[in-house]
Amino acid sequence: MTTTVKEGKVELLKKKLGKKWVEMYIRLTPGSVHLYEDGMIKPPTKLIDIEKATIDKNPEGIGKSFCFGISIENNNYMFAAENDADQINWVEALNKCVGHEPTPPPGWDAQGSPSGGGGVDGSPGVPKKGSSNILFRAKKKVSGKMAGSALVKHQVMNDEIRQLLDSLRKVVERVTDAKTAAEVEKQLIKMVMKAYFQLDKGTISKDDVRNIDSILRKAFNQVDKMFGYYQVRPVSQLTEGLGRAAQFLQQATEAVITMLSQFVRDENIVKMRNALHILSEPQFLIKVWDCPAIEQDLLNLVSAMAKYTMIEL
């Protein structure tokens, strides 16, 4: 269950309304600020990822008392507390939350329904109905700490990505172990969700994502081609082709890490790189192709890759 570090009423400077101060209710959880426009009657209308944020007490040029700010890349959020003591408490609480992976609002279960607690007052909020947009669901229901959960795969990601992850996990588990497979899947989901967040914020472009997607399609097509030789030719004759697939995966690895590195802490980038390194090593592919018992799982993976390449980004 997500822990609420602090919650309460503040004023938010809304620039789109002509720099108008609007009363909001906010909750702080590790790595996240959740903004509510209607108290706790409805779910949060916005999630601010503060993993790499800078907290500013008394920002200059605001012209309002008891202000504090959150700076993330090129985005600045300005808040005003009720008094000096409250301002200090908000700044201290925010600094405690910075440096953590984003967490979901308290009181949400895996189905997106109130779970009966989690906040300072135990109020879970009421789930908003009718929205199936992937970014809406991601913001309301997921975070880095839930990355390995069924929630992300089954309620946020589309069928193609979910089937690809399921199949990949089974193959990795067959040639390594369950712990390694779970960690690889966890890191892949974190990468996908981080990219969704940053794409929505405009801090990465669609061209950045399309570049990675293009490399992955080349890798998947090469894997599909090599599957035609699985258990037909000895793996010693397939090393060149498998090496080409590994090269594409290594290119995708570097592109992903380059894209996300400015938004993710260094220790988490290391975890992501290690997970991708396992998949992009030629020796990993050789082990897969040299294992007759893995045929059905490999077929499922190749089929999932083929299905992915048939959809347009």
# chains A, B, ... in the order shown; residues from 1 in each chain; ligands from 1
>>> residues_around(residues="region 172-187 of chain A", least_positions_apart="4", cutoff="10 Å", atoms="only C-alpha atoms", output="MDAnalysis selection string")
chainID A and resid 144:149 165:168 191:193 268:269 271:279 284:285 287:288 290:291 293:294 297:298
>>> residues_around(residues="Lys201 (chain A)", least_positions_apart="2", cutoff="12 Å", atoms="only C-alpha atoms", output="PyMOL selection string")
chain A and resi 46-49+72-75+135+139+194-199+203-206+263
>>> atom_distance(atom1="CA of Glu92 (chain A)", atom2="CA of Ile55 (chain A)")
9.2 Å
>>> residues_around(residues="Met24 (chain A)", least_positions_apart="4", cutoff="10 Å", atoms="only C-alpha atoms", output="PyMOL selection string")
chain A and resi 8-13+35-39+79
>>> atom_distance(atom1="CA of Gln222 (chain A)", atom2="CA of Asn300 (chain A)")
15.7 Å
>>> residues_around(residues="Val235 (chain A)", least_positions_apart="5", cutoff="8 Å", atoms="only C-alpha atoms", output="list of chain:residue names")
A:Tyr230, A:Ile286, A:Trp289, A:Asp290
>>> write_last_selection(atoms="N, CA and C atoms", output="PDB file, in the first residue's frame")
ATOM      1  N   TYR A 230      15.476 -22.873 -36.724  1.00  0.00           N
ATOM      2  CA  TYR A 230      15.510 -23.485 -35.396  1.00  0.00           C
ATOM      3  C   TYR A 230      15.276 -24.995 -35.483  1.00  0.00           C
ATOM      4  N   ILE A 286      22.021 -17.670 -28.602  1.00  0.00           N
ATOM      5  CA  ILE A 286      22.579 -18.990 -28.929  1.00  0.00           C
ATOM      6  C   ILE A 286      22.034 -20.043 -27.972  1.00  0.00           C
ATOM      7  N   TRP A 289      18.442 -20.843 -29.015  1.00  0.00           N
ATOM      8  CA  TRP A 289      18.354 -21.643 -30.246  1.00  0.00           C
ATOM      9  C   TRP A 289      18.954 -23.040 -30.067  1.00  0.00           C
ATOM     10  N   ASP A 290      19.716 -23.219 -29.009  1.00  0.00           N
ATOM     11  CA  ASP A 290      20.351 -24.517 -28.773  1.00  0.00           C
ATOM     12  C   ASP A 290      19.558 -25.377 -27.792  1.00  0.00           C
TER      13      ASP A 290
END
>>> closest_residue(among="A:Pro292, A:Gly241, A:Met78, A:Pro104", to="Gly61 (chain A)", atoms="only C-alpha atoms")
A:Met78
>>> residues_around(residues="Ala255 (chain A)", least_positions_apart="5", cutoff="9 Å", atoms="only C-alpha atoms", output="ChimeraX atom specification")
/A:208,211-212,250,260
>>> closest_residue(among="A:Asn76, A:Gln247, A:Gln262, A:Gln163", to="Glu51 (chain A)", atoms="only C-alpha atoms")
A:Gln262
>>> atom_distance(atom1="CA of Val22 (chain A)", atom2="CA of Lys6 (chain A)")
19.3 Å
>>> closest_residue(among="A:Gly202, A:Asp266, A:Ile215, A:Asp84", to="Glu254 (chain A)", atoms="only C-alpha atoms")
A:Ile215
>>> select_by_dssp(residues="region 152-233 of chain A", states="alpha helix (DSSP H)", output="PyMOL selection string")
chain A and resi 159-175+178-201+206-227
>>> residues_around(residues="region 303-310 of chain A", least_positions_apart="3", cutoff="6 Å", atoms="only C-alpha atoms", output="list of chain:residue names")
A:Glu160, A:Leu164, A:Arg217, A:Phe220, A:Asn300
>>> write_last_selection(atoms="N, CA and C atoms", output="JSON list (two decimals), in the first residue's frame")
[["chain", "number", "residue", "atom", "x", "y", "z"],
["A", 160, "GLU", "N", -0.63, -6.41, -27.73],
["A", 160, "GLU", "CA", 0.61, -6.76, -28.41],
["A", 160, "GLU", "C", 1.81, -6.70, -27.46],
["A", 164, "LEU", "N", 3.90, -9.89, -25.84],
["A", 164, "LEU", "CA", 5.35, -9.90, -26.07],
["A", 164, "LEU", "C", 6.10, -10.08, -24.75],
["A", 217, "ARG", "N", 11.93, -3.37, -34.67],
["A", 217, "ARG", "CA", 11.30, -4.11, -35.77],
["A", 217, "ARG", "C", 12.35, -4.86, -36.60],
["A", 220, "PHE", "N", 13.29, -7.86, -34.46],
["A", 220, "PHE", "CA", 12.24, -8.86, -34.44],
["A", 220, "PHE", "C", 12.15, -9.60, -35.76],
["A", 300, "ASN", "N", 5.88, -18.96, -29.43],
["A", 300, "ASN", "CA", 4.97, -17.92, -28.92],
["A", 300, "ASN", "C", 5.63, -16.55, -28.94]]
>>> closest_residue(among="A:Cys67, A:Ala93, A:Asn83, A:Lys20", to="Glu7 (chain A)", atoms="only C-alpha atoms")
A:Ala93
